[in-house]
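Novice: Input structure: target-v6.txt, which contains compact mmCIF, C-alpha atoms.
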# COMPACT_ATOMS: atom_id res chain seq x y z
CA MET W 1 19.62 93.04 76.79
CA GLN W 2 18.00 95.28 79.39
CA PRO W 3 20.03 96.32 82.46
CA HIS W 4 19.37 94.21 85.55
CA HIS W 5 18.36 96.53 88.37
CA ASN W 6 16.23 94.12 90.39
CA PHE W 7 18.88 91.78 91.83
CA ALA W 8 21.11 92.08 94.84
CA PRO W 9 24.76 91.44 93.90
CA PRO W 10 25.95 88.15 95.42
CA ASP W 11 29.28 87.53 97.07
CA PHE W 12 32.44 86.86 95.12
CA PHE W 13 32.77 83.05 95.05
CA VAL W 14 36.53 82.63 95.42
CA LYS W 15 36.47 78.91 96.25
CA HIS W 16 34.03 78.11 93.47
CA HIS W 17 36.18 79.86 90.86
CA THR W 18 39.34 78.18 92.14
CA LYS W 19 37.70 74.76 91.78
CA PHE W 20 36.48 75.72 88.30
CA PHE W 21 40.01 76.60 87.16
CA LEU W 22 41.50 73.44 88.68
CA ALA W 23 38.85 71.27 87.04
CA CYS W 24 39.52 72.85 83.63
CA LEU W 25 43.24 72.30 84.13
CA GLU W 26 42.69 68.53 84.26
CA GLN W 27 39.73 68.04 81.95
CA LEU W 28 37.72 70.34 79.71
CA PRO W 29 34.08 69.81 78.70
CA SER W 30 33.26 68.32 75.30
CA SER W 31 32.29 71.77 74.02
CA ALA W 32 35.99 72.72 74.16
CA GLN W 33 37.01 70.18 71.50
CA LYS W 34 36.94 72.88 68.84
CA LEU W 35 39.54 74.78 70.87
CA ASP W 36 42.18 72.07 70.60
CA LEU W 37 44.49 74.38 68.64
CA ASN W 38 44.22 76.96 71.43
CA ARG W 39 45.51 74.80 74.26
CA MET W 40 48.24 77.29 75.15
CA THR W 41 45.69 80.09 75.42
CA LEU W 42 43.36 77.99 77.58
CA LEU W 43 46.26 77.11 79.87
CA TYR W 44 47.17 80.80 80.09
CA PHE W 45 43.67 81.86 81.22
CA THR W 46 43.55 78.98 83.71
CA LEU W 47 46.89 79.75 85.35
CA ALA W 48 46.39 83.51 85.27
CA GLY W 49 43.06 83.00 87.06
CA LEU W 50 44.60 80.78 89.72
CA ASP W 51 47.46 83.24 90.14
CA ALA W 52 45.03 86.13 90.54
CA LEU W 53 43.16 84.17 93.24
CA ASN W 54 46.38 83.36 95.12
CA SER W 55 45.96 79.66 94.33
CA LEU W 56 48.93 78.96 92.08
CA HIS W 57 50.48 76.76 94.77
CA LEU W 58 47.81 74.15 94.00
CA VAL W 59 49.35 73.26 90.61
CA SER W 60 52.56 71.47 89.64
CA LYS W 61 54.74 74.28 88.30
CA GLU W 62 57.44 71.88 87.15
CA ARG W 63 54.97 69.81 85.13
CA ILE W 64 53.47 72.87 83.46
CA THR W 65 56.86 74.42 82.69
CA ARG W 66 58.01 71.17 81.09
CA TRP W 67 54.91 71.00 78.90
CA VAL W 68 55.28 74.62 77.74
CA TYR W 69 58.89 74.07 76.70
CA THR W 70 57.73 71.01 74.76
CA MET W 71 55.82 73.40 72.48
CA GLN W 72 58.91 75.43 71.58
CA VAL W 73 59.83 75.47 67.88
CA LEU W 74 63.60 75.23 67.49
CA PRO W 75 65.77 75.66 64.40
CA GLN W 76 67.15 72.44 62.96
CA ALA W 77 70.65 71.35 63.93
CA ASP W 78 72.10 71.91 60.44
CA PRO W 79 70.92 75.27 59.06
CA VAL W 80 73.22 75.00 56.01
CA THR W 81 71.03 72.42 54.29
CA ASP W 82 67.94 74.60 54.33
CA LYS W 83 68.96 78.03 55.60
CA GLU W 84 65.79 79.90 54.64
CA PHE W 85 63.60 77.19 56.17
CA ASN W 86 65.31 77.43 59.55
CA ALA W 87 66.12 81.13 59.83
CA LEU W 88 62.47 82.08 60.39
CA ARG W 89 61.46 79.18 62.65
CA GLY W 90 60.98 79.98 66.32
CA GLY W 91 58.42 80.74 68.98
CA PHE W 92 55.91 78.28 70.43
CA ARG W 93 53.28 75.98 68.96
CA PRO W 94 49.66 75.98 70.13
CA THR W 95 49.81 72.20 70.56
CA LEU W 96 51.74 69.16 69.29
CA HIS W 97 51.10 68.19 65.67
CA ALA W 98 50.63 64.60 64.53
CA GLY W 99 54.07 62.98 64.35
CA ASN W 100 55.67 65.19 67.02
CA ARG W 101 57.16 63.45 70.01
CA PRO W 102 57.22 65.32 73.33
CA ASN W 103 60.62 66.83 74.00
CA PRO W 104 61.14 68.86 77.20
CA PHE W 105 63.58 71.17 75.39
CA GLY W 106 61.46 71.80 72.31
CA GLN W 107 62.04 70.41 68.83
CA PRO W 108 62.60 71.45 65.20
CA PRO W 109 59.55 71.91 62.94
CA LEU W 110 58.09 68.71 61.55
CA ASN W 111 57.01 70.28 58.23
CA MET W 112 56.37 73.63 56.61
CA GLY W 113 53.09 73.99 58.50
CA ASP W 114 54.63 73.25 61.88
CA VAL W 115 55.51 76.81 62.83
CA GLY W 116 55.32 79.03 65.85
CA HIS W 117 52.25 81.18 66.47
CA ILE W 118 52.79 84.72 67.75
CA THR W 119 49.85 84.67 70.19
CA MET W 120 50.79 81.22 71.51
CA THR W 121 54.34 82.49 71.98
CA GLN W 122 52.96 85.42 74.02
CA CYS W 123 50.91 83.05 76.19
CA ALA W 124 53.81 80.61 76.61
CA LEU W 125 56.20 83.32 77.83
CA ALA W 126 53.55 84.71 80.19
CA ILE W 127 52.96 81.22 81.63
CA LEU W 128 56.69 80.70 82.17
CA VAL W 129 56.90 84.04 83.98
CA MET W 130 53.95 83.09 86.20
CA MET W 131 55.63 79.73 86.94
CA GLY W 132 58.72 81.60 88.13
CA ASP W 133 60.92 80.42 85.24
CA ASP W 134 63.96 82.53 84.35
CA LEU W 135 63.35 82.06 80.57
CA ARG W 136 66.85 80.69 80.08
CA GLY W 137 65.41 77.75 78.18
CA VAL W 138 63.83 80.07 75.59
CA ASN W 139 65.73 80.35 72.32
CA LYS W 140 65.41 84.14 72.29
CA GLU W 141 67.21 84.59 68.98
CA ALA W 142 64.81 82.20 67.24
CA VAL W 143 61.82 83.92 68.88
CA MET W 144 62.99 87.33 67.67
CA HIS W 145 63.51 85.95 64.15
CA HIS W 146 59.96 84.58 64.25
CA VAL W 147 58.43 87.85 65.50
CA ARG W 148 60.32 89.88 62.93
CA SER W 149 59.12 87.61 60.11
CA CYS W 150 55.49 88.21 61.13
CA GLN W 151 55.57 92.00 60.70
CA ALA W 152 53.84 93.26 57.57
CA GLU W 153 54.97 96.14 55.38
CA ASP W 154 52.42 98.54 56.89
CA GLY W 155 53.69 97.86 60.42
CA GLY W 156 50.98 95.41 61.49
CA PHE W 157 51.67 91.82 62.49
CA ARG W 158 50.43 88.44 61.27
CA ASN W 159 49.89 85.50 63.59
CA ILE W 160 52.19 83.18 61.61
CA MET W 161 54.95 83.86 59.14
CA LEU W 162 53.28 81.91 56.31
CA GLY W 163 50.65 84.61 55.89
CA SER W 164 47.40 85.66 57.56
CA GLU W 165 45.50 88.82 58.38
CA ALA W 166 47.64 91.53 59.97
CA ASP W 167 45.95 93.62 62.66
CA VAL W 168 46.31 95.15 66.14
CA ARG W 169 45.71 91.85 67.98
CA PHE W 170 49.00 90.42 66.79
CA VAL W 171 50.79 93.74 67.23
CA TYR W 172 49.86 93.42 70.89
CA SER W 173 51.22 89.86 71.03
CA ALA W 174 54.49 91.02 69.48
CA CYS W 175 54.79 93.88 71.97
CA VAL W 176 54.21 91.57 74.95
CA ILE W 177 56.88 89.17 73.65
CA CYS W 178 59.43 91.95 73.23
CA GLU W 179 58.56 93.39 76.65
CA LEU W 180 58.91 90.07 78.47
CA LEU W 181 62.21 89.24 76.75
CA LYS W 182 63.42 92.86 77.06
CA ASP W 183 64.44 92.79 73.42
CA TRP W 184 62.77 95.08 70.86
CA SER W 185 64.87 93.95 67.91
CA GLY W 186 61.96 91.78 66.77
CA MET W 187 60.03 94.68 65.25
CA ASP W 188 60.26 98.00 63.52
CA VAL W 189 58.98 100.11 66.41
CA GLU W 190 58.23 103.22 64.32
CA LYS W 191 56.25 101.28 61.72
CA ALA W 192 54.27 99.48 64.42
CA THR W 193 53.52 102.77 66.19
CA ASP W 194 52.37 104.45 62.98
CA PHE W 195 50.11 101.48 62.21
CA LEU W 196 48.48 101.68 65.64
CA VAL W 197 47.95 105.44 65.39
CA GLN W 198 46.26 105.02 62.00
CA CYS W 199 43.85 102.48 63.51
CA GLN W 200 42.26 105.12 65.77
CA ARG W 201 38.88 106.22 64.45
CA TYR W 202 37.21 109.64 64.51
CA ASP W 203 35.24 108.64 67.64
CA GLY W 204 38.39 107.74 69.57
CA ALA W 205 38.12 103.93 69.46
CA PHE W 206 40.49 101.59 67.60
CA GLY W 207 39.63 99.14 64.84
CA GLU W 208 41.50 96.00 63.80
CA ARG W 209 43.06 97.91 60.94
CA PRO W 210 42.86 101.49 59.62
CA ASP W 211 39.30 102.45 58.59
CA CYS W 212 37.74 99.49 60.47
CA GLU W 213 34.97 99.81 63.04
CA GLY W 214 36.01 100.58 66.60
CA HIS W 215 35.73 97.71 69.08
CA GLY W 216 36.44 97.23 72.78
CA GLY W 217 38.84 94.32 72.30
CA THR W 218 40.89 95.92 69.54
CA THR W 219 40.89 99.21 71.46
CA TYR W 220 42.59 97.47 74.38
CA CYS W 221 45.09 95.70 72.11
CA ALA W 222 46.08 98.97 70.43
CA LEU W 223 46.26 100.99 73.64
CA ALA W 224 48.17 98.32 75.59
CA SER W 225 50.61 98.03 72.68
CA LEU W 226 51.21 101.78 72.73
CA ALA W 227 51.70 101.61 76.51
CA LEU W 228 54.32 98.87 76.08
CA LEU W 229 55.94 100.99 73.35
CA ARG W 230 55.76 104.08 75.62
CA ARG W 231 53.94 105.98 72.83
CA ILE W 232 50.53 106.85 74.32
CA ASP W 233 51.17 110.52 73.57
CA ARG W 234 50.71 109.82 69.85
CA ILE W 235 46.93 109.32 70.07
CA ASP W 236 43.82 111.38 70.87
CA ILE W 237 43.32 110.43 74.51
CA ASP W 238 40.34 112.70 75.21
CA ARG W 239 38.15 111.15 72.52
CA LEU W 240 39.27 107.66 73.53
CA VAL W 241 38.25 108.19 77.17
CA HIS W 242 34.94 109.67 76.01
CA TRP W 243 34.20 106.61 73.84
CA ILE W 244 35.11 104.08 76.55
CA VAL W 245 33.11 105.79 79.30
CA HIS W 246 29.99 105.80 77.11
CA ARG W 247 30.22 102.02 76.62
CA GLN W 248 29.09 101.34 80.19
CA ILE W 249 25.54 100.17 80.86
CA LEU W 250 26.08 98.24 84.07
CA GLY W 251 28.92 96.30 82.57
CA PHE W 252 30.55 97.32 79.32
CA GLN W 253 29.45 96.75 75.74
CA GLY W 254 32.05 96.16 73.05
CA ARG W 255 30.42 98.51 70.53
CA PRO W 256 27.51 100.98 70.51
CA ASN W 257 24.04 99.38 70.51
CA LYS W 258 25.38 95.95 71.55
CA ASP W 259 24.70 93.86 74.65
CA GLN W 260 26.96 94.20 77.65
CA ASP W 261 29.48 91.39 78.08
CA SER W 262 31.59 90.54 81.11
CA CYS W 263 34.85 90.24 79.13
CA TYR W 264 34.70 93.93 78.19
CA SER W 265 34.96 94.79 81.88
CA PHE W 266 38.63 93.93 81.37
CA TRP W 267 39.21 95.17 77.82
CA LEU W 268 37.80 98.61 78.61
CA GLY W 269 38.45 98.68 82.35
CA ALA W 270 42.13 97.94 81.78
CA SER W 271 42.21 100.61 79.06
CA LEU W 272 40.93 103.22 81.52
CA ARG W 273 43.46 102.01 84.09
CA ILE W 274 46.28 102.54 81.58
CA LEU W 275 44.94 106.02 80.83
CA GLY W 276 44.42 106.88 84.49
CA ALA W 277 40.71 107.58 83.94
CA LEU W 278 38.87 105.00 86.04
CA GLN W 279 37.19 107.77 88.03
CA TYR W 280 34.74 108.41 85.17
CA ILE W 281 32.89 105.06 85.40
CA ASP W 282 30.52 103.61 87.99
CA LYS W 283 32.65 100.89 89.59
CA ASP W 284 29.82 99.63 91.79
CA CYS W 285 27.60 98.99 88.77
CA LEU W 286 30.45 97.18 87.04
CA LYS W 287 31.01 94.99 90.10
CA GLU W 288 27.26 94.32 90.31
CA PHE W 289 27.15 93.09 86.71
CA VAL W 290 30.25 90.87 87.00
CA LEU W 291 29.04 89.23 90.21
CA ALA W 292 25.65 88.58 88.61
CA CYS W 293 27.40 86.61 85.84
CA GLN W 294 28.88 84.10 88.31
CA ASN W 295 27.77 80.48 88.44
CA PRO W 296 27.06 79.73 92.11
CA LYS W 297 27.07 75.95 91.62
CA VAL W 298 30.13 75.00 89.55
CA GLY W 299 31.98 78.31 89.69
CA GLY W 300 33.20 80.34 86.75
CA ILE W 301 31.82 83.51 85.18
CA ALA W 302 29.71 83.74 82.03
CA LYS W 303 29.53 86.49 79.45
CA GLN W 304 26.06 87.45 80.71
CA PRO W 305 23.82 86.39 83.62
CA CYS W 306 22.26 82.92 83.26
CA SER W 307 24.80 81.83 80.60
CA GLN W 308 27.38 79.05 80.72
CA PRO W 309 30.81 80.01 82.14
CA ASP W 310 34.07 79.54 80.26
CA LEU W 311 37.75 80.20 80.93
CA LEU W 312 38.08 83.49 79.06
CA HIS W 313 34.95 85.02 80.60
CA THR W 314 36.03 83.80 84.03
CA TYR W 315 39.55 85.20 84.12
CA LEU W 316 38.98 88.56 82.40
CA PRO W 317 36.20 89.79 84.77
CA ILE W 318 38.29 88.66 87.76
CA ALA W 319 41.19 90.73 86.40
CA ALA W 320 38.80 93.66 85.92
CA LEU W 321 37.67 93.48 89.55
CA SER W 322 41.32 93.77 90.55
CA LEU W 323 42.09 96.65 88.17
CA THR W 324 39.06 98.67 89.28
CA GLU W 325 39.95 97.97 92.94
CA VAL W 326 36.42 96.97 93.95
CA ILE W 327 37.68 93.70 95.51
CA PRO W 328 40.42 93.82 98.19
CA LYS W 329 43.95 92.96 97.04
CA TYR W 330 44.25 90.14 99.56
CA ILE W 331 41.45 88.35 97.64
CA ILE W 332 42.55 89.17 94.06
CA ARG W 333 46.16 89.97 93.26
CA GLU W 334 47.14 93.12 91.39
CA ILE W 335 47.05 92.78 87.60
CA ASP W 336 49.42 94.42 85.14
CA PRO W 337 46.96 96.36 82.91
CA ALA W 338 49.19 96.23 79.83
CA LEU W 339 50.58 92.67 80.07
CA GLY W 340 47.22 91.32 81.25
CA PHE W 341 48.34 88.89 83.97
CA PRO W 342 49.18 89.21 87.70
CA ILE W 343 52.27 91.24 88.51
CA PRO W 344 55.13 88.93 89.58
CA LYS W 345 56.67 89.42 93.02
CA GLU W 346 59.83 90.72 91.33
CA ASP W 347 58.21 93.44 89.24
CA LYS W 348 60.49 93.94 86.24
CA TRP W 349 57.88 95.47 83.94
CA CYS W 350 54.88 97.27 85.44
CA LYS W 351 56.52 99.82 87.75
CA PRO W 352 59.27 100.95 85.29
CA ARG W 353 56.68 101.27 82.51
CA THR W 354 54.29 103.25 84.73
CA GLU W 355 57.07 105.68 85.62
CA ALA W 356 58.02 106.07 81.95
CA LEU W 357 54.40 106.83 80.98
CA GLU W 358 53.91 109.47 83.68
CA GLY W 359 52.70 112.60 81.95
CA GLN W 360 51.38 110.73 78.87
CA THR W 361 48.19 109.36 80.45
CA TYR W 362 44.94 111.32 80.68
CA GLU W 363 45.28 111.99 84.41
CA GLY W 364 49.01 112.65 84.13
CA ARG W 365 48.51 115.30 81.44
CA LYS W 366 45.85 117.05 83.54
CA LYS W 367 48.16 117.19 86.55
CA PHE W 368 50.99 118.49 84.35
CA GLN W 369 48.75 121.22 82.93
CA LYS W 370 47.68 122.29 86.45
CA ARG W 371 51.29 122.47 87.61
CA LYS W 372 52.19 124.50 84.53
CA ILE W 373 49.39 127.03 85.13
CA VAL W 374 50.28 127.45 88.81
CA ALA W 375 53.99 127.78 88.08
CA SER W 376 53.70 130.32 85.26
CA PRO W 377 50.43 132.32 85.40
CA VAL W 378 51.90 135.08 83.18
CA LYS W 379 51.81 132.75 80.16
CA THR W 380 48.04 132.49 80.38
CA VAL W 381 47.55 136.12 79.28
CA ALA W 382 45.76 136.32 75.93
CA ASN W 383 48.43 138.48 74.29
CA SER W 384 51.30 136.19 75.29
CA SER W 385 52.66 133.87 72.61
CA PRO W 386 54.25 130.56 73.66
CA GLN W 387 57.79 129.90 72.56
CA LYS W 388 58.02 127.56 69.59
CA PRO W 389 59.76 124.28 70.54
CA ALA W 390 62.82 123.16 68.67
CA PRO W 391 62.29 120.66 65.82
CA GLY W 392 62.42 117.08 67.06
CA SER W 393 62.13 118.04 70.72
CA PRO W 394 59.70 116.20 73.08
CA GLN W 395 57.66 119.38 73.44
CA GLN W 396 57.10 119.56 69.71
CA THR W 397 56.03 115.90 69.55
CA THR W 398 53.55 116.31 72.38
CA SER W 399 52.07 119.56 71.06
CA SER W 400 51.67 118.25 67.53
CA SER W 401 49.97 115.03 68.67
CA HIS W 402 47.41 116.90 70.78
CA ALA W 403 46.91 120.03 68.66
CA ALA W 404 43.36 118.98 67.84
CA THR W 405 42.38 118.16 71.42
CA GLN W 406 43.89 121.00 73.50
CA GLY W 407 41.17 123.28 74.85
CA ALA W 408 38.38 120.91 73.81
CA PRO W 409 35.94 119.86 76.54
CA MET W 410 36.23 116.31 77.80
CA PHE W 411 32.63 115.33 77.21
CA GLN W 412 30.92 116.76 74.15
CA TRP W 413 27.32 116.25 73.08
CA ASN W 414 27.18 113.22 70.81
CA PRO W 415 23.57 113.00 69.55
CA SER W 416 22.15 109.58 68.83
CA THR W 417 20.18 108.72 65.69
CA TRP W 418 16.73 109.23 67.23
CA GLN W 419 17.73 112.65 68.58
CA VAL W 420 18.86 113.79 65.14
CA GLN W 421 15.64 112.49 63.60
CA MET W 422 13.55 114.31 66.23
CA ILE W 423 15.34 117.60 65.53
CA VAL W 424 14.73 117.19 61.78
CA VAL W 425 11.02 116.44 62.35
CA LEU W 426 10.55 119.46 64.65
CA PHE W 427 12.33 121.73 62.19
CA THR W 428 10.12 120.45 59.34
CA VAL W 429 6.94 121.02 61.38
CA ILE W 430 7.95 124.57 62.32
CA VAL W 431 8.80 125.46 58.72
CA GLY W 432 5.48 123.96 57.56
CA MET W 433 3.52 126.01 60.10
CA LEU W 434 5.25 129.24 59.09
CA TYR W 435 4.61 128.53 55.42
CA ALA W 436 0.92 127.81 56.09
CA SER W 437 0.51 131.04 58.08
CA LEU W 438 2.10 133.04 55.26
CA GLU W 439 -0.29 131.53 52.70
CA LYS W 440 -3.33 132.53 54.81
CA LYS W 441 -2.12 136.12 54.88
What does this structure look like when you write it as structure tokens?

Specialist:
Amino acid sequence: MQPHHNFAPPDFFVKHHTKFFLACLEQLPSSAQKLDLNRMTLLYFTLAGLDALNSLHLVSKERITRWVYTMQVLPQADPVTDKEFNALRGGFRPTLHAGNRPNPFGQPPLNMGDVGHITMTQCALAILVMMGDDLRGVNKEAVMHHVRSCQAEDGGFRNIMLGSEADVRFVYSACVICELLKDWSGMDVEKATDFLVQCQRYDGAFGERPDCEGHGGTTYCALASLALLRRIDRIDIDRLVHWIVHRQILGFQGRPNKDQDSCYSFWLGASLRILGALQYIDKDCLKEFVLACQNPKVGGIAKQPCSQPDLLHTYLPIAALSLTEVIPKYIIREIDPALGFPIPKEDKWCKPRTEALEGQTYEGRKKFQKRKIVASPVKTVANSSPQKPAPGSPQQTTSSSHAATQGAPMFQWNPSTWQVQMIVVLFTVIVGMLYASLEKK
């Protein structure tokens, strides 16, 4: 898709998008039938969008809270009869299975396939937080049992305990759950951190698993997980910023040589916000692309201009406009870049985490290095040798994780395929000409 340079960016249609979210809350189009098992996720995007647009007062919070608790998977009353069956049951379902009767307090699993889903549990807890619930109705012990049962041997996470692929998407869901419940007993933090670090590729991006291709969505999941774990200093930040910045056309593309897509304005925009590196992108171009993807008739935002809008591609670009601060905060509420939804009035997560990560982000490290140079100019002499940090100290951890990137320029020349081919052709022509001139002599 070629960049659109010939249109004037329209206004941000707040009322249209609000009506779109409210309409989807009551009735979805027939094309959404295939998403029946993702009802919790669809509700999450709808409510997060309304919350971001300061329109959450238009919904019945009590009704929504009651429905979410209906999806909770609870252990059976008598765990002695089938201890193994009940010990690992917890979390939230994506929707009610056939045979389940609605229960406002949740209910035991109907069969072996009626289990909690780690991503649906993440969405359910986020919805309850947005509804102002105190989470007292959540069986936290059962949720932690469920999360712990989903962690694989290599540190990754599966979406259900019965077995599935294990990758960074579900690591992110597990981290959000532990962060919201303020309980990290549901995972082996060191194993999860090592798994995420191994998923970073040579170009700086993150794949679903180690040795997989880098992608904008998985890059966000891995980086946001490390932010929630307070372990950003374990990765190569310089190469990551370089890779993200070079994904911008007007909007962002998810991978090199792919079309730009409005959802990546959040996946990669939020990643730069976590790293403190938003100053390296063109925010006006990003805003221009997102606004061009709006539907001026029914509301909503599509993945690309002139496409059909949907819930995911409506909420994520709205969140991106907030994170990049191109729309005033009185129009779009501030979004937590790591949790992915609007910051509650009683901020229990974003501010403490931001303070803990100070000095680990790209911008924070640069400020720290400047302060260090100004404070101790004698140590910059070539003959001076820095003191070796003690084993296990924070200084040793930081220096070892960035040994390959210290002193390297931020933006290095990364030749594309056609540039390499052109250099080879020119070199071949020059060698051929020299050989022909030598033969004549």

Novice: Give me the residues within 10 Å of segment 256-261 of chain W as an mmCIF file with C-alpha atoms, in the coordinates of the input, counting only C-alpha atoms and dropping any in the same chain fewer than 6 places off.

Specialist:
data_model
loop_
_atom_site.group_PDB
_atom_site.id
_atom_site.type_symbol
_atom_site.label_atom_id
_atom_site.label_comp_id
_atom_site.auth_asym_id
_atom_site.auth_seq_id
_atom_site.Cartn_x
_atom_site.Cartn_y
_atom_site.Cartn_z
ATOM 1 C CA MET W 1 19.620 93.040 76.790
ATOM 2 C CA GLN W 2 18.000 95.280 79.390
ATOM 3 C CA PRO W 3 20.030 96.320 82.460
ATOM 4 C CA GLY W 214 36.010 100.580 66.600
ATOM 5 C CA HIS W 215 35.730 97.710 69.080
ATOM 6 C CA GLY W 216 36.440 97.230 72.780
ATOM 7 C CA TRP W 243 34.200 106.610 73.840
ATOM 8 C CA HIS W 246 29.990 105.800 77.110
ATOM 9 C CA ARG W 247 30.220 102.020 76.620
ATOM 10 C CA GLN W 248 29.090 101.340 80.190
ATOM 11 C CA ILE W 249 25.540 100.170 80.860
ATOM 12 C CA LEU W 250 26.080 98.240 84.070
ATOM 13 C CA PHE W 289 27.150 93.090 86.710
ATOM 14 C CA VAL W 290 30.250 90.870 87.000
ATOM 15 C CA CYS W 293 27.400 86.610 85.840
ATOM 16 C CA ALA W 302 29.710 83.740 82.030
ATOM 17 C CA LYS W 303 29.530 86.490 79.450
ATOM 18 C CA GLN W 304 26.060 87.450 80.710
ATOM 19 C CA PRO W 305 23.820 86.390 83.620
ATOM 20 C CA HIS W 313 34.950 85.020 80.600
ATOM 21 C CA PRO W 317 36.200 89.790 84.770
#

Novice: Counting only C-alpha atoms, find residues at most 6 Å from (55.0, 88.4, 87.0) (file frame) and give them as JSON, numbers by chain.

Specialist: {"W": [129, 130, 342, 343, 344]}

Novice: Counting only C-alpha atoms, which residue out of W:Phe252, W:Trp67, W:Phe12, W:Phe341 sits closest to Tyr315 of chain W?

Specialist: W:Phe341

Novice: Leaving out Gly204 of chain W and any residue of its chain fewer than 5 positions from it, which residues lie within 9 Å of it when counting only C-alpha atoms, given as JSON, numbers by chain?

Specialist: {"W": [214, 235, 236, 237, 238, 239, 240, 241, 242, 243, 244]}

Novice: From the set W:Ala356, W:Leu278, W:Leu135, W:Leu312, which residue has the shortest atom-to-atom contact distance to Glu325 of chain W, counting all atoms listed in the file?

Specialist: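 Looking only at the distances to Glu325 of chain W, the closest residue turns out to be W:Leu278.
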
Novice: Report the distance between atom CA of Tyr202 of chain W and atom CA of Ile423 of chain W in Å, rounded to one decimal place.

Specialist: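 Separating atom CA of Tyr202 of chain W from atom CA of Ile423 of chain W is a distance of 23.3 Å.
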
Novice: Using all atoms listed in the file, pick whichever of W:Ile332, W:Ser437, W:Leu22, W:Ser225 has the shortest atom-to-atom distance to Phe45 of chain W.

Specialist: W:Leu22

Novice: Do you know which residues are at most 10 Å from Asp133 of chain W counting all atoms listed in the file, after dropping those on the same chain fewer than 5 positions away, and could you put them as a compact mmCIF listing (two decimals) with C-alpha atoms, keeping the file's coordinate frame?

Specialist:
# COMPACT_ATOMS: atom_id res chain seq x y z
CA LYS W 61 54.74 74.28 88.30
CA GLU W 62 57.44 71.88 87.15
CA THR W 65 56.86 74.42 82.69
CA LEU W 125 56.20 83.32 77.83
CA ALA W 126 53.55 84.71 80.19
CA ILE W 127 52.96 81.22 81.63
CA LEU W 128 56.69 80.70 82.17

Novice: Using all atoms listed in the file, which protein or nucleic acid residues come within 12 Å of Thr18 of chain W? Drop anything in the same chain fewer than 6 positions from it, and give the result as a CSV table (one decimal) with C-alpha atoms, keeping the file's coordinate frame.

Specialist:
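File selection.csv, as written:
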chain,number,residue,atom,x,y,z
W,12,PHE,CA,32.4,86.9,95.1
W,24,CYS,CA,39.5,72.8,83.6
W,25,LEU,CA,43.2,72.3,84.1
W,46,THR,CA,43.6,79.0,83.7
W,47,LEU,CA,46.9,79.8,85.4
W,48,ALA,CA,46.4,83.5,85.3
W,49,GLY,CA,43.1,83.0,87.1
W,50,LEU,CA,44.6,80.8,89.7
W,51,ASP,CA,47.5,83.2,90.1
W,52,ALA,CA,45.0,86.1,90.5
W,53,LEU,CA,43.2,84.2,93.2
W,54,ASN,CA,46.4,83.4,95.1
W,55,SER,CA,46.0,79.7,94.3
W,56,LEU,CA,48.9,79.0,92.1
W,57,HIS,CA,50.5,76.8,94.8
W,58,LEU,CA,47.8,74.2,94.0
W,59,VAL,CA,49.4,73.3,90.6
W,298,VAL,CA,30.1,75.0,89.6
W,299,GLY,CA,32.0,78.3,89.7
W,300,GLY,CA,33.2,80.3,86.8
W,301,ILE,CA,31.8,83.5,85.2
W,311,LEU,CA,37.8,80.2,80.9
W,314,THR,CA,36.0,83.8,84.0
W,315,TYR,CA,39.6,85.2,84.1
W,318,ILE,CA,38.3,88.7,87.8
W,331,ILE,CA,41.4,88.4,97.6
W,332,ILE,CA,42.6,89.2,94.1

Novice: List the spatial neighbours of Ile232 of chain W as a PyMOL selection string - criterion: any atom at most 7 Å away, all atoms listed in the file, same-chain residues fewer than 4 positions off excluded.

Specialist: chain W and resi 226-227+360

Novice: Would you mind exporting the chosen residues as a short mmCIF file (atom, residue, chain, number, x, y, z; two decimals), in the coordinates of the input, restricted to C-alpha atoms?

Specialist:
data_model
loop_
_atom_site.label_atom_id
_atom_site.label_comp_id
_atom_site.auth_asym_id
_atom_site.auth_seq_id
_atom_site.Cartn_x
_atom_site.Cartn_y
_atom_site.Cartn_z
CA LEU W 226 51.21 101.78 72.73
CA ALA W 227 51.70 101.61 76.51
CA GLN W 360 51.38 110.73 78.87
#

Novice: Hey, which of W:Leu286, W:Ala174, W:Leu275, W:Ile430 ends up closest to Thr354 of chain W? Count all atoms listed in the file.

Specialist: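 Checking each candidate against Thr354 of chain W, we get W:Leu275 as the closest.
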
Novice: For Gly340 of chain W, which residue out of W:Cys221, W:Val245, W:Cys178, W:Leu357 is the nearest one, using only C-alpha atoms?

Specialist: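 Counting only C-alpha atoms, the residue closest to Gly340 of chain W is W:Cys221.
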
Novice: Measuring atom to atom with only C-alpha atoms, identify which of W:Arg89, W:Arg230, W:Arg63, W:Lys329 is nearest to Asn139 of chain W.

Specialist: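 Smallest separation from Asn139 of chain W among the options: W:Arg89.
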
Novice: Just how far from atom CA of Asp11 of chain W is atom CA of Lys297 of chain W, in Å to one decimal?

Specialist: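 Atom CA of Lys297 of chain W sits 13.0 Å away from atom CA of Asp11 of chain W.
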
Novice: What gap, in Å, lies between atom CA of Gly163 of chain W and atom CA of Cys212 of chain W?

Specialist: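 That distance, rounded to one decimal, is 20.2 Å.
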